file structure_22.txt (compact mmCIF, C-alpha atoms and all ligand atoms)
# COMPACT_ATOMS: atom_id res chain seq x y z
CA GLY A 19 -128.94 -25.17 30.72
CA GLY A 20 -130.20 -27.07 27.74
CA THR A 21 -128.77 -29.13 24.91
CA ILE A 22 -127.10 -27.81 21.78
CA GLY A 23 -126.76 -30.03 18.72
CA ILE A 24 -123.87 -29.49 16.33
CA LEU A 25 -123.84 -30.82 12.77
CA GLY A 26 -120.26 -31.60 11.80
CA GLY A 27 -117.28 -32.92 13.70
CA GLY A 28 -114.35 -30.69 12.79
CA GLN A 29 -112.34 -28.05 14.62
CA LEU A 30 -114.99 -25.34 14.32
CA GLY A 31 -117.42 -27.63 16.11
CA ARG A 32 -114.80 -28.51 18.66
CA MET A 33 -114.17 -24.87 19.58
CA LEU A 34 -117.92 -24.21 19.54
CA ALA A 35 -118.52 -27.14 21.90
CA ILE A 36 -115.91 -25.78 24.31
CA SER A 37 -117.73 -22.43 24.41
CA ALA A 38 -121.08 -24.17 24.84
CA ALA A 39 -119.74 -26.15 27.78
CA GLN A 40 -118.44 -22.94 29.37
CA LEU A 41 -121.97 -21.54 29.22
CA GLY A 42 -123.36 -24.66 30.84
CA TYR A 43 -124.90 -26.40 27.84
CA ARG A 44 -124.79 -30.08 26.98
CA VAL A 45 -123.51 -30.75 23.46
CA ILE A 46 -124.49 -33.55 21.11
CA ALA A 47 -122.52 -33.72 17.86
CA TYR A 48 -123.74 -35.41 14.69
CA ALA A 49 -121.31 -36.24 11.89
CA PRO A 50 -120.43 -39.18 9.69
CA ALA A 51 -117.91 -41.58 11.20
CA GLY A 52 -114.36 -40.41 10.63
CA ASP A 53 -111.88 -38.09 12.25
CA ALA A 54 -114.46 -36.26 14.39
CA VAL A 55 -112.24 -34.11 16.59
CA ILE A 56 -115.35 -32.79 18.30
CA ALA A 57 -115.81 -36.19 19.98
CA GLN A 58 -113.14 -35.44 22.59
CA VAL A 59 -114.95 -32.36 23.90
CA CYS A 60 -118.69 -33.02 23.60
CA ASN A 61 -121.14 -34.99 25.76
CA GLU A 62 -122.29 -37.28 23.01
CA TYR A 63 -121.19 -37.97 19.45
CA ILE A 64 -123.54 -39.62 16.97
CA ALA A 65 -121.59 -41.13 14.07
CA SER A 66 -124.20 -41.32 11.36
CA ASP A 67 -124.74 -40.56 7.70
CA TRP A 68 -126.13 -37.15 6.60
CA HIS A 69 -128.87 -38.95 4.66
CA ASP A 70 -130.14 -41.00 7.61
CA ALA A 71 -133.40 -39.07 8.11
CA GLU A 72 -134.40 -41.13 11.15
CA ALA A 73 -131.12 -40.64 12.98
CA LEU A 74 -131.19 -36.92 12.17
CA LYS A 75 -134.71 -36.58 13.54
CA ALA A 76 -133.82 -38.44 16.76
CA PHE A 77 -130.76 -36.22 17.16
CA ALA A 78 -132.78 -33.04 16.69
CA ASP A 79 -135.46 -34.27 19.11
CA ALA A 80 -132.78 -34.65 21.78
CA CYS A 81 -131.62 -31.05 21.31
CA ASP A 82 -133.15 -27.68 22.17
CA VAL A 83 -131.42 -26.07 19.21
CA VAL A 84 -129.23 -27.42 16.40
CA THR A 85 -126.46 -25.49 14.67
CA LEU A 86 -123.67 -26.40 12.30
CA GLU A 87 -119.94 -26.10 11.89
CA PHE A 88 -119.87 -27.50 8.35
CA GLU A 89 -122.09 -26.29 5.54
CA ASN A 90 -121.78 -29.07 3.00
CA VAL A 91 -124.49 -31.10 4.68
CA PRO A 92 -127.07 -32.29 2.13
CA ALA A 93 -129.82 -29.68 2.46
CA ALA A 94 -132.88 -31.85 1.74
CA PRO A 95 -132.73 -34.07 4.89
CA LEU A 96 -132.41 -30.91 7.01
CA ASP A 97 -135.85 -29.63 6.04
CA ALA A 98 -137.40 -32.11 8.48
CA ILE A 99 -135.47 -30.53 11.38
CA ALA A 100 -135.65 -26.94 10.09
CA ASP A 101 -137.63 -25.71 13.11
CA LYS A 102 -134.65 -26.56 15.35
CA LEU A 103 -131.92 -25.32 13.03
CA ALA A 104 -130.02 -22.05 13.45
CA PRO A 105 -129.18 -20.89 10.86
CA HIS A 106 -132.18 -22.03 8.82
CA PRO A 107 -131.50 -24.48 5.93
CA ARG A 108 -132.36 -21.71 3.43
CA ALA A 109 -129.04 -20.08 4.35
CA LEU A 110 -127.22 -23.33 3.70
CA ALA A 111 -128.85 -23.88 0.35
CA ILE A 112 -127.38 -20.57 -0.82
CA ALA A 113 -123.98 -20.80 0.85
CA GLN A 114 -123.41 -24.32 -0.52
CA ASP A 115 -123.52 -23.16 -4.11
CA ARG A 116 -121.06 -20.57 -5.44
CA LEU A 117 -123.43 -19.64 -8.28
CA ALA A 118 -126.46 -19.19 -6.00
CA GLU A 119 -124.50 -17.15 -3.47
CA LYS A 120 -123.09 -14.79 -6.10
CA ARG A 121 -126.56 -14.20 -7.59
CA PHE A 122 -128.04 -13.70 -4.14
CA VAL A 123 -125.40 -11.16 -3.19
CA ALA A 124 -125.65 -9.35 -6.53
CA ASP A 125 -129.43 -9.04 -6.03
CA LEU A 126 -128.75 -7.34 -2.71
CA GLY A 127 -126.51 -4.77 -4.37
CA GLY A 128 -123.15 -6.45 -3.71
CA THR A 129 -120.37 -6.88 -6.25
CA PRO A 130 -119.17 -10.46 -6.68
CA ALA A 131 -116.14 -11.40 -8.77
CA PRO A 132 -117.27 -11.52 -12.42
CA PHE A 133 -118.65 -15.01 -13.05
CA HIS A 134 -120.01 -17.37 -15.69
CA ALA A 135 -121.84 -20.66 -15.06
CA VAL A 136 -119.99 -23.65 -16.56
CA ASP A 137 -121.62 -27.00 -17.27
CA SER A 138 -119.71 -27.88 -20.44
CA ARG A 139 -116.58 -27.12 -22.47
CA GLU A 140 -118.69 -24.73 -24.54
CA ASP A 141 -119.71 -22.80 -21.42
CA LEU A 142 -116.09 -22.67 -20.30
CA LEU A 143 -114.88 -21.22 -23.60
CA ALA A 144 -117.74 -18.73 -23.67
CA GLY A 145 -116.81 -17.77 -20.09
CA ILE A 146 -113.16 -17.26 -21.06
CA GLU A 147 -114.35 -15.12 -23.97
CA ALA A 148 -116.47 -13.00 -21.63
CA LEU A 149 -114.15 -12.73 -18.63
CA GLY A 150 -110.70 -12.99 -20.21
CA THR A 151 -107.67 -14.60 -18.60
CA PRO A 152 -106.41 -15.32 -16.07
CA ALA A 153 -109.59 -16.85 -14.67
CA ILE A 154 -110.40 -19.45 -12.02
CA LEU A 155 -112.67 -22.41 -12.57
CA LYS A 156 -114.29 -23.64 -9.34
CA THR A 157 -116.71 -26.44 -8.60
CA ARG A 158 -119.96 -24.83 -7.46
CA ARG A 159 -120.16 -27.13 -4.44
CA ASP A 160 -117.97 -28.81 -1.82
CA GLY A 161 -114.72 -26.87 -2.32
CA TYR A 162 -112.64 -25.68 0.63
CA ASP A 163 -109.01 -24.64 1.23
CA GLY A 164 -108.64 -24.05 -2.52
CA LYS A 165 -109.64 -27.62 -3.42
CA GLY A 166 -111.78 -27.97 -6.55
CA GLN A 167 -110.20 -24.93 -8.25
CA TRP A 168 -108.18 -24.57 -11.43
CA ARG A 169 -106.37 -21.43 -12.54
CA ILE A 170 -106.66 -20.90 -16.27
CA GLY A 171 -104.03 -18.72 -17.93
CA SER A 172 -105.14 -18.85 -21.56
CA ARG A 173 -107.80 -20.06 -23.98
CA GLU A 174 -105.48 -22.94 -24.91
CA GLU A 175 -105.35 -24.02 -21.27
CA ALA A 176 -109.16 -23.90 -21.17
CA GLU A 177 -109.33 -26.14 -24.24
CA ALA A 178 -106.91 -28.66 -22.75
CA LEU A 179 -108.26 -28.67 -19.17
CA ASP A 180 -109.67 -31.94 -17.84
CA LEU A 181 -113.13 -30.70 -16.86
CA PRO A 182 -114.44 -31.94 -13.50
CA ASP A 183 -117.60 -34.00 -13.60
CA ALA A 184 -119.57 -31.43 -11.59
CA PRO A 185 -121.31 -28.09 -12.17
CA CYS A 186 -118.74 -25.31 -12.09
CA ILE A 187 -118.39 -21.56 -12.12
CA LEU A 188 -115.72 -19.55 -13.90
CA GLU A 189 -114.54 -16.44 -12.11
CA GLY A 190 -112.55 -13.57 -13.49
CA PHE A 191 -109.31 -13.08 -11.61
CA VAL A 192 -109.78 -10.16 -9.23
CA GLN A 193 -106.84 -7.76 -8.87
CA PHE A 194 -106.93 -7.08 -5.16
CA GLU A 195 -104.78 -5.24 -2.68
CA CYS A 196 -105.64 -7.62 0.15
CA GLU A 197 -108.34 -9.93 1.48
CA PHE A 198 -110.58 -9.52 4.48
CA SER A 199 -113.70 -11.07 5.90
CA VAL A 200 -116.74 -9.73 7.68
CA ILE A 201 -117.89 -11.96 10.52
CA LEU A 202 -121.13 -11.15 12.32
CA ALA A 203 -123.38 -12.71 14.91
CA ARG A 204 -127.13 -12.20 14.56
CA ARG A 205 -129.93 -13.01 16.98
CA ALA A 206 -133.48 -13.90 16.03
CA ASP A 207 -134.62 -10.42 17.09
CA GLY A 208 -132.31 -8.89 14.46
CA THR A 209 -129.56 -7.70 16.82
CA VAL A 210 -126.22 -7.85 14.98
CA ALA A 211 -122.63 -7.64 16.24
CA PHE A 212 -119.59 -7.45 13.96
CA TRP A 213 -116.02 -8.33 14.74
CA GLU A 214 -113.25 -6.18 13.36
CA SER A 215 -112.12 -7.40 9.94
CA SER A 216 -108.69 -8.98 9.92
CA GLN A 217 -106.41 -8.91 6.90
CA ASN A 218 -106.21 -12.46 5.61
CA GLY A 219 -103.13 -13.88 3.91
CA HIS A 220 -103.44 -17.09 1.90
CA GLU A 221 -100.71 -19.51 0.84
CA ASP A 222 -101.49 -22.25 -1.69
CA GLY A 223 -105.21 -21.43 -1.46
CA ILE A 224 -105.24 -21.97 2.32
CA LEU A 225 -105.59 -19.25 4.93
CA ALA A 226 -102.13 -18.82 6.45
CA ARG A 227 -102.54 -15.76 8.64
CA SER A 228 -105.02 -13.17 9.94
CA THR A 229 -103.65 -9.83 11.14
CA LEU A 230 -105.25 -6.99 13.12
CA PRO A 231 -105.29 -4.17 12.55
CA GLY A 232 -105.34 -4.82 8.81
CA ALA A 233 -104.27 -2.58 5.93
CA ALA A 234 -105.80 0.91 5.70
CA ILE A 235 -107.83 -0.07 2.62
CA ILE A 236 -109.80 -2.52 4.75
CA GLY A 237 -110.80 0.30 7.05
CA GLN A 238 -111.98 2.24 4.01
CA GLN A 239 -114.07 -0.61 2.61
CA VAL A 240 -115.37 -2.38 5.69
CA ALA A 241 -118.49 -0.22 6.11
CA GLU A 242 -119.75 -1.15 2.64
CA ALA A 243 -118.84 -4.80 3.19
CA ARG A 244 -120.68 -4.85 6.53
CA LYS A 245 -123.73 -3.27 4.95
CA LEU A 246 -123.86 -6.13 2.46
CA ALA A 247 -123.24 -8.77 5.13
CA LYS A 248 -126.07 -7.34 7.22
CA ALA A 249 -128.39 -7.25 4.20
CA VAL A 250 -127.59 -10.94 3.57
CA ALA A 251 -128.23 -11.84 7.21
CA ASP A 252 -131.47 -9.83 7.40
CA LYS A 253 -132.78 -11.24 4.12
CA LEU A 254 -132.23 -14.79 5.43
CA SER A 255 -133.56 -13.97 8.94
CA TYR A 256 -130.22 -15.41 9.91
CA VAL A 257 -129.55 -16.71 13.42
CA GLY A 258 -125.96 -17.53 14.36
CA VAL A 259 -122.56 -16.50 13.02
CA LEU A 260 -122.18 -15.60 9.35
CA THR A 261 -119.00 -14.89 7.38
CA LEU A 262 -118.52 -13.10 4.09
CA GLU A 263 -115.08 -13.06 2.41
CA PHE A 264 -114.02 -10.02 0.38
CA PHE A 265 -111.24 -8.82 -1.87
CA ALA A 266 -110.28 -5.19 -1.21
CA SER A 267 -109.87 -3.89 -4.75
CA GLU A 268 -109.29 -0.49 -6.28
CA SER A 269 -113.00 -0.34 -7.13
CA GLY A 270 -114.22 -1.30 -3.66
CA PRO A 271 -115.00 -4.52 -1.80
CA ILE A 272 -115.52 -7.51 -4.12
CA PHE A 273 -117.51 -10.38 -2.61
CA ASN A 274 -115.73 -13.75 -2.83
CA GLU A 275 -117.83 -16.27 -0.90
CA MET A 276 -119.85 -16.75 2.26
CA ALA A 277 -119.89 -19.33 5.02
CA PRO A 278 -122.98 -19.88 7.22
CA ARG A 279 -120.82 -20.39 10.30
CA THR A 280 -117.76 -19.33 12.23
CA HIS A 281 -114.63 -18.90 10.13
CA ASN A 282 -110.91 -19.63 10.31
CA SER A 283 -110.25 -15.89 9.93
CA GLY A 284 -112.17 -15.38 13.19
CA HIS A 285 -110.05 -17.67 15.36
CA TRP A 286 -108.17 -14.62 16.61
CA THR A 287 -111.34 -13.67 18.52
CA ILE A 288 -110.82 -16.45 21.09
CA GLU A 289 -108.08 -14.52 22.90
CA GLY A 290 -108.03 -11.33 20.82
CA ALA A 291 -111.62 -10.16 21.26
CA ALA A 292 -113.71 -9.59 24.36
CA THR A 293 -116.12 -12.28 23.14
CA SER A 294 -115.14 -14.97 20.62
CA GLN A 295 -117.03 -15.95 17.49
CA PHE A 296 -117.76 -19.31 19.12
CA GLU A 297 -119.21 -17.86 22.31
CA ASN A 298 -121.39 -15.44 20.36
CA GLN A 299 -122.63 -18.26 18.14
CA VAL A 300 -123.79 -20.05 21.28
CA ARG A 301 -125.36 -16.84 22.61
CA ALA A 302 -127.08 -16.08 19.30
CA ILE A 303 -128.64 -19.52 18.84
CA CYS A 304 -129.69 -19.71 22.51
CA GLY A 305 -131.29 -16.26 22.52
CA LEU A 306 -128.79 -14.85 25.01
CA PRO A 307 -127.48 -11.28 24.70
CA LEU A 308 -124.45 -10.98 22.42
CA GLY A 309 -121.10 -10.24 24.04
CA ASP A 310 -118.81 -7.30 23.29
CA THR A 311 -116.80 -8.07 20.14
CA ARG A 312 -114.02 -5.49 20.43
CA ARG A 313 -110.34 -6.34 20.04
CA VAL A 314 -108.43 -6.38 23.34
CA ALA A 315 -104.77 -5.96 22.30
CA PRO A 316 -103.03 -3.37 20.09
CA ARG A 317 -102.02 -6.05 17.59
CA VAL A 318 -103.33 -9.58 17.11
CA VAL A 319 -101.91 -12.16 14.71
CA MET A 320 -103.39 -15.61 14.11
CA GLU A 321 -101.35 -18.18 12.21
CA ASN A 322 -102.55 -21.56 11.13
CA VAL A 323 -100.56 -24.68 11.97
CA ILE A 324 -100.69 -26.72 8.80
CA GLY A 325 -99.69 -30.34 8.19
CA PRO A 326 -96.45 -31.71 9.67
CA ALA A 327 -95.74 -28.36 11.39
CA ALA A 328 -98.09 -29.57 14.14
CA ALA A 329 -95.38 -31.88 15.49
CA THR A 330 -93.30 -28.91 16.71
CA ALA A 331 -96.10 -26.39 17.27
CA HIS A 332 -95.59 -26.31 21.04
CA GLU A 333 -92.29 -24.51 20.44
CA ALA A 334 -94.34 -21.40 19.67
CA LEU A 335 -95.10 -21.14 23.38
CA ALA A 336 -91.53 -19.96 23.99
CA ASP A 337 -93.14 -16.61 23.13
CA PRO A 338 -95.35 -15.66 26.10
CA ALA A 339 -97.61 -13.71 23.70
CA ALA A 340 -98.58 -16.93 21.92
CA HIS A 341 -101.68 -19.04 22.48
CA LEU A 342 -101.64 -22.47 20.90
CA HIS A 343 -104.71 -24.42 19.81
CA LEU A 344 -104.32 -27.96 18.51
CA TYR A 345 -107.39 -29.69 17.16
CA GLY A 346 -106.52 -33.26 18.14
CA LYS A 347 -106.20 -34.57 14.58
CA THR A 348 -104.09 -37.71 14.45
CA ASP A 349 -103.16 -37.57 10.78
CA ALA A 350 -101.11 -34.54 9.63
CA PRO A 351 -100.78 -34.60 5.86
CA GLU A 352 -99.47 -31.59 3.92
CA GLY A 353 -102.19 -28.93 3.65
CA ARG A 354 -104.35 -30.08 6.57
CA LYS A 355 -105.35 -27.54 9.21
CA MET A 356 -104.04 -29.00 12.48
CA GLY A 357 -104.26 -26.02 14.80
CA HIS A 358 -103.54 -22.33 15.10
CA ILE A 359 -101.47 -19.90 17.14
CA THR A 360 -102.74 -16.47 18.19
CA ARG A 361 -100.33 -13.80 19.41
CA LEU A 362 -101.50 -10.76 21.37
CA GLU A 363 -98.86 -8.08 20.91
CA TRP A 364 -98.16 -4.84 22.74
CA PRO A 365 -95.62 -2.24 21.65
CA GLU A 366 -91.99 -2.92 22.56
CA GLY A 367 -91.24 -1.92 26.13
CA GLU A 368 -94.77 -2.30 27.47
CA THR A 369 -94.73 -5.31 29.77
CA SER A 370 -97.18 -6.88 32.14
CA SER A 371 -94.80 -6.88 35.10
P1 LIG A 401 -112.14 -21.54 1.93
O1 LIG A 401 -111.21 -22.44 2.65
O2 LIG A 401 -111.97 -20.07 2.27
O3 LIG A 401 -113.58 -21.96 1.94
P2 LIG A 401 -112.30 -22.06 -0.91
O4 LIG A 401 -111.73 -23.36 -1.32
O5 LIG A 401 -113.78 -21.91 -0.83
O6 LIG A 401 -111.60 -21.60 0.43
P3 LIG A 401 -111.98 -19.50 -2.26
O7 LIG A 401 -112.21 -18.68 -1.07
O8 LIG A 401 -112.94 -19.44 -3.37
O9 LIG A 401 -111.69 -21.02 -1.91
O10 LIG A 401 -110.53 -19.17 -2.84
C1 LIG A 401 -109.36 -19.36 -2.07
C2 LIG A 401 -108.42 -18.21 -2.32
O11 LIG A 401 -108.04 -18.16 -3.71
C3 LIG A 401 -109.04 -16.85 -2.06
O12 LIG A 401 -109.03 -16.51 -0.70
C4 LIG A 401 -108.14 -15.97 -2.91
O13 LIG A 401 -106.88 -15.79 -2.31
C5 LIG A 401 -107.96 -16.82 -4.16
N1 LIG A 401 -109.06 -16.54 -5.12
C6 LIG A 401 -110.23 -17.20 -5.21
N2 LIG A 401 -111.03 -16.68 -6.16
C7 LIG A 401 -110.35 -15.64 -6.70
C8 LIG A 401 -110.64 -14.69 -7.73
N3 LIG A 401 -111.78 -14.72 -8.43
N4 LIG A 401 -109.69 -13.76 -8.01
C9 LIG A 401 -108.52 -13.74 -7.33
N5 LIG A 401 -108.20 -14.60 -6.36
C10 LIG A 401 -109.09 -15.55 -6.03
MG MG A 402 -115.04 -21.62 0.69
MG MG A 403 -112.60 -18.77 0.84

call {"tool": "encode", "arguments": {"input": "structure_22.txt", "output": "structure tokens", "more": "lines below"}}
Ligand code: ATP
Ligand code: MG
Ligand code: MG
result
Amino acid sequence: GGTIGILGGGQLGRMLAISAAQLGYRVIAYAPAGDAVIAQVCNEYIASDWHDAEALKAFADACDVVTLEFENVPAAPLDAIADKLAPHPRALAIAQDRLAEKRFVADLGGTPAPFHAVDSREDLLAGIEALGTPAILKTRRDGYDGKGQWRIGSREEAEALDLPDAPCILEGFVQFECEFSVILARRADGTVAFWESSQNGHEDGILARSTLPGAAIIGQQVAEARKLAKAVADKLSYVGVLTLEFFASESGPIFNEMAPRTHNSGHWTIEGAATSQFENQVRAICGLPLGDTRRVAPRVVMENVIGPAAATAHEALADPAAHLHLYGKTDAPEGRKMGHITRLEWPEGETSS
């Protein structure tokens, strides 16, 4: 028993809360008022501002451990509840900032996409000079699903671009064969478990699909990528689930970004692995032994249900291999993650009956 606090109210928190309930924990969620889809599945939902230090403290006091499903929580107010937080706020401070995370990873021997800090037009043009085109300008903070990113095809485009009013980073465009992520769970005692790396396909900057097994090149590069992910986790004395995204390139795995939490590319683990990323997050933060992470079907495919497609998503269940998850969001604009479908596939002719 015990009480788990979750910062954030989105679908990652919702699936985490379901796993926590399965293991017998009470869940209190804390997130600003809004479309908190976690509210339907947790014991208590506190709708409060991230900056309300008093409310945060009261929330943490009511919990045995606090974790997060959303990393863009202002880091400063979290210092007061750091002793309850898993992962520690130091991991957030790095993962919130694309510049900090690339430097951190480079210091540990990883290879990030070539980058240049951009705080002005001058910086941008110097970055274009150094990295060439095409390049991608990204806000250092707060981006997700490809939001806060601008592809730049030429110096002229860089001169004409309406610069965002926020610190940015310019990245050289990485020529990659495919994308994959490393997702791990780490306990306070340093025990680490990795899930198999899926091949991740993006459409319009949003994850569309994760496939297992992935392309052969992922198998060739995953050991190096895991070594880096473990070094990151060890360096931060990380507790919980950590994700690193990579490009599989001709010259090896190129680090893209990290997330101090479960990841969309790990949703396949709910039915497709012996233990899901959500269950192992609960186990890690509660000091329980980690569960077996191995894949349980010959082929697993996870597809996101995005925007208006949610209205007809139940049709996917005509395929008995399909598992549907809908997140309970009421508004389904274009580009919003509404749910996902995971298919466990066996070779033709092998049936269960
Ligand atoms: P997420 O939802 O994963 O947090 P995000 O908004 O943080 O997304 P990124 O992961 O930085 O965005 O980029 C989204 C996608 O855009 C990447 O998965 C990749 O397909 C493409 N991309 C981003 N940066 C680069 C790069 N430097 N070179 C080539 N492609 C890139
Ligand atoms: Mg991101
Ligand atoms: Mg990403």

call {"tool": "residues_near_ligand", "arguments": {"input": "structure_22.txt", "ligand": "ligand MG 403 (chain A)", "cutoff": "9 Å", "atoms": "all atoms listed in the file", "output": "PyMOL selection string"}}
result
chain A and resi 161-164+223-225+262-264+274-277

call {"tool": "residues_around", "arguments": {"input": "structure_22.txt", "residues": "A:Asp70", "least_positions_apart": "4", "cutoff": "8 Å", "atoms": "all atoms listed in the file", "output": "PyMOL selection string"}}
result
chain A and resi 66+74+95

call {"tool": "closest_residue", "arguments": {"input": "structure_22.txt", "among": "A:Asp337, A:Glu297, A:Glu352, A:Asp222", "to": "ligand LIG 401 (chain A)", "atoms": "all atoms listed in the file"}}
result
A:Asp222

call {"tool": "residues_near_point", "arguments": {"input": "structure_22.txt", "point": "(-118.4, -22.7, -18.9)", "cutoff": "12 Å", "atoms": "only C-alpha atoms", "output": "ChimeraX atom specification"}}
result
/A:133-149,153-158,176-177,179,181-182,184-189

call {"tool": "residues_around", "arguments": {"input": "structure_22.txt", "residues": "A:Val59", "least_positions_apart": "3", "cutoff": "12 Å", "atoms": "all atoms listed in the file", "output": "ChimeraX atom specification"}}
result
/A:27-40,44-47,54-56,62-63,345-346

call {"tool": "residues_around", "arguments": {"input": "structure_22.txt", "residues": "A:Val240", "least_positions_apart": "5", "cutoff": "12 Å", "atoms": "all atoms listed in the file", "output": "list in words"}}
result
Glu197, Phe198, Ser199, Val200, Ile201, Phe212, Trp213, Glu214, Ser215, Ser216, Gln217, Gly232, Ala233, Ala234, Ile235, Lys245, Leu246, Ala247, Lys248, Leu262, Glu263, Phe264, Phe265, Ala266, Ser267, Gly270, Pro271, Ile272 and Phe273 of chain A

call {"tool": "write_last_selection", "arguments": {"input": "structure_22.txt", "atoms": "C-alpha atoms", "output": "tab-separated table (two decimals), in the frame of the given file"}}
result
chain	number	residue	atom	x	y	z
A	197	GLU	CA	-108.34	-9.93	1.48
A	198	PHE	CA	-110.58	-9.52	4.48
A	199	SER	CA	-113.70	-11.07	5.90
A	200	VAL	CA	-116.74	-9.73	7.68
A	201	ILE	CA	-117.89	-11.96	10.52
A	212	PHE	CA	-119.59	-7.45	13.96
A	213	TRP	CA	-116.02	-8.33	14.74
A	214	GLU	CA	-113.25	-6.18	13.36
A	215	SER	CA	-112.12	-7.40	9.94
A	216	SER	CA	-108.69	-8.98	9.92
A	217	GLN	CA	-106.41	-8.91	6.90
A	232	GLY	CA	-105.34	-4.82	8.81
A	233	ALA	CA	-104.27	-2.58	5.93
A	234	ALA	CA	-105.80	0.91	5.70
A	235	ILE	CA	-107.83	-0.07	2.62
A	245	LYS	CA	-123.73	-3.27	4.95
A	246	LEU	CA	-123.86	-6.13	2.46
A	247	ALA	CA	-123.24	-8.77	5.13
A	248	LYS	CA	-126.07	-7.34	7.22
A	262	LEU	CA	-118.52	-13.10	4.09
A	263	GLU	CA	-115.08	-13.06	2.41
A	264	PHE	CA	-114.02	-10.02	0.38
A	265	PHE	CA	-111.24	-8.82	-1.87
A	266	ALA	CA	-110.28	-5.19	-1.21
A	267	SER	CA	-109.87	-3.89	-4.75
A	270	GLY	CA	-114.22	-1.30	-3.66
A	271	PRO	CA	-115.00	-4.52	-1.80
A	272	ILE	CA	-115.52	-7.51	-4.12
A	273	PHE	CA	-117.51	-10.38	-2.61

call {"tool": "closest_residue", "arguments": {"input": "structure_22.txt", "among": "A:Ala109, A:Arg169, A:Gly258, A:Lys253", "to": "A:Val300", "atoms": "all atoms listed in the file"}}
result
A:Gly258

call {"tool": "closest_residue", "arguments": {"input": "structure_22.txt", "among": "A:Thr209, A:Thr261, A:Gln193, A:Thr330", "to": "ligand LIG 401 (chain A)", "atoms": "all atoms listed in the file"}}
result
A:Gln193

call {"tool": "atom_distance", "arguments": {"input": "structure_22.txt", "atom1": "atom CA of A:Asn322", "atom2": "atom CA of A:Pro92"}}
result
28.2 Å

call {"tool": "atom_distance", "arguments": {"input": "structure_22.txt", "atom1": "atom CA of A:Gly26", "atom2": "atom CA of A:Asp53"}}
result
10.6 Å

call {"tool": "closest_residue", "arguments": {"input": "structure_22.txt", "among": "A:Ala206, A:Ala78, A:Ala315, A:Val250", "to": "A:Arg121", "atoms": "all atoms listed in the file"}}
result
A:Val250

call {"tool": "atom_distance", "arguments": {"input": "structure_22.txt", "atom1": "atom CA of A:Ala291", "atom2": "atom CA of A:Ala203"}}
result
13.6 Å

call {"tool": "residues_around", "arguments": {"input": "structure_22.txt", "residues": "A:Val259", "least_positions_apart": "3", "cutoff": "6 Å", "atoms": "all atoms listed in the file", "output": "ChimeraX atom specification"}}
result
/A:202-203,279-280,299

call {"tool": "write_last_selection", "arguments": {"input": "structure_22.txt", "atoms": "C-alpha atoms", "output": "mmCIF file, keeping the file's coordinate frame"}}
result
data_model
loop_
_atom_site.group_PDB
_atom_site.id
_atom_site.type_symbol
_atom_site.label_atom_id
_atom_site.label_comp_id
_atom_site.auth_asym_id
_atom_site.auth_seq_id
_atom_site.Cartn_x
_atom_site.Cartn_y
_atom_site.Cartn_z
ATOM 1 C CA LEU A 202 -121.130 -11.150 12.320
ATOM 2 C CA ALA A 203 -123.380 -12.710 14.910
ATOM 3 C CA ARG A 279 -120.820 -20.390 10.300
ATOM 4 C CA THR A 280 -117.760 -19.330 12.230
ATOM 5 C CA GLN A 299 -122.630 -18.260 18.140
#

call {"tool": "closest_residue", "arguments": {"input": "structure_22.txt", "among": "A:Pro326, A:Pro365, A:Pro338, A:Pro231", "to": "A:Pro351", "atoms": "all atoms listed in the file"}}
result
A:Pro326

call {"tool": "residues_near_point", "arguments": {"input": "structure_22.txt", "point": "(-129.3, -20.7, 0.7)", "cutoff": "12 Å", "atoms": "only C-alpha atoms", "output": "ChimeraX atom specification"}}
result
/A:89-90,92-94,105-123,250-251,253-256,276-278

call {"tool": "closest_residue", "arguments": {"input": "structure_22.txt", "among": "A:Arg159, A:Ser294, A:Ala331, A:Gly284", "to": "ligand MG 402 (chain A)", "atoms": "only C-alpha atoms and all ligand atoms"}}
result
A:Arg159

call {"tool": "build_atoms", "arguments": {"input": "structure_22.txt", "residues": "stretch 104-111 of chain A", "atoms": "N, CA and C atoms", "output": "JSON list (two decimals), in the frame of the given file"}}
result
[["chain", "number", "residue", "atom", "x", "y", "z"],
["A", 104, "ALA", "N", -130.49, -23.43, 13.53],
["A", 104, "ALA", "CA", -130.02, -22.05, 13.45],
["A", 104, "ALA", "C", -128.57, -22.09, 12.97],
["A", 105, "PRO", "N", -128.28, -21.56, 11.79],
["A", 105, "PRO", "CA", -129.18, -20.89, 10.86],
["A", 105, "PRO", "C", -130.12, -21.86, 10.15],
["A", 106, "HIS", "N", -131.19, -21.29, 9.57],
["A", 106, "HIS", "CA", -132.18, -22.03, 8.82],
["A", 106, "HIS", "C", -131.56, -22.66, 7.56],
["A", 107, "PRO", "N", -132.07, -23.83, 7.13],
["A", 107, "PRO", "CA", -131.50, -24.48, 5.93],
["A", 107, "PRO", "C", -131.50, -23.60, 4.68],
["A", 108, "ARG", "N", -132.36, -22.56, 4.62],
["A", 108, "ARG", "CA", -132.36, -21.71, 3.43],
["A", 108, "ARG", "C", -131.02, -20.99, 3.28],
["A", 109, "ALA", "N", -130.35, -20.71, 4.41],
["A", 109, "ALA", "CA", -129.04, -20.08, 4.35],
["A", 109, "ALA", "C", -127.99, -21.06, 3.81],
["A", 110, "LEU", "N", -128.15, -22.31, 4.18],
["A", 110, "LEU", "CA", -127.22, -23.33, 3.70],
["A", 110, "LEU", "C", -127.36, -23.54, 2.21],
["A", 111, "ALA", "N", -128.61, -23.60, 1.76],
["A", 111, "ALA", "CA", -128.85, -23.88, 0.35],
["A", 111, "ALA", "C", -128.11, -22.85, -0.51]]
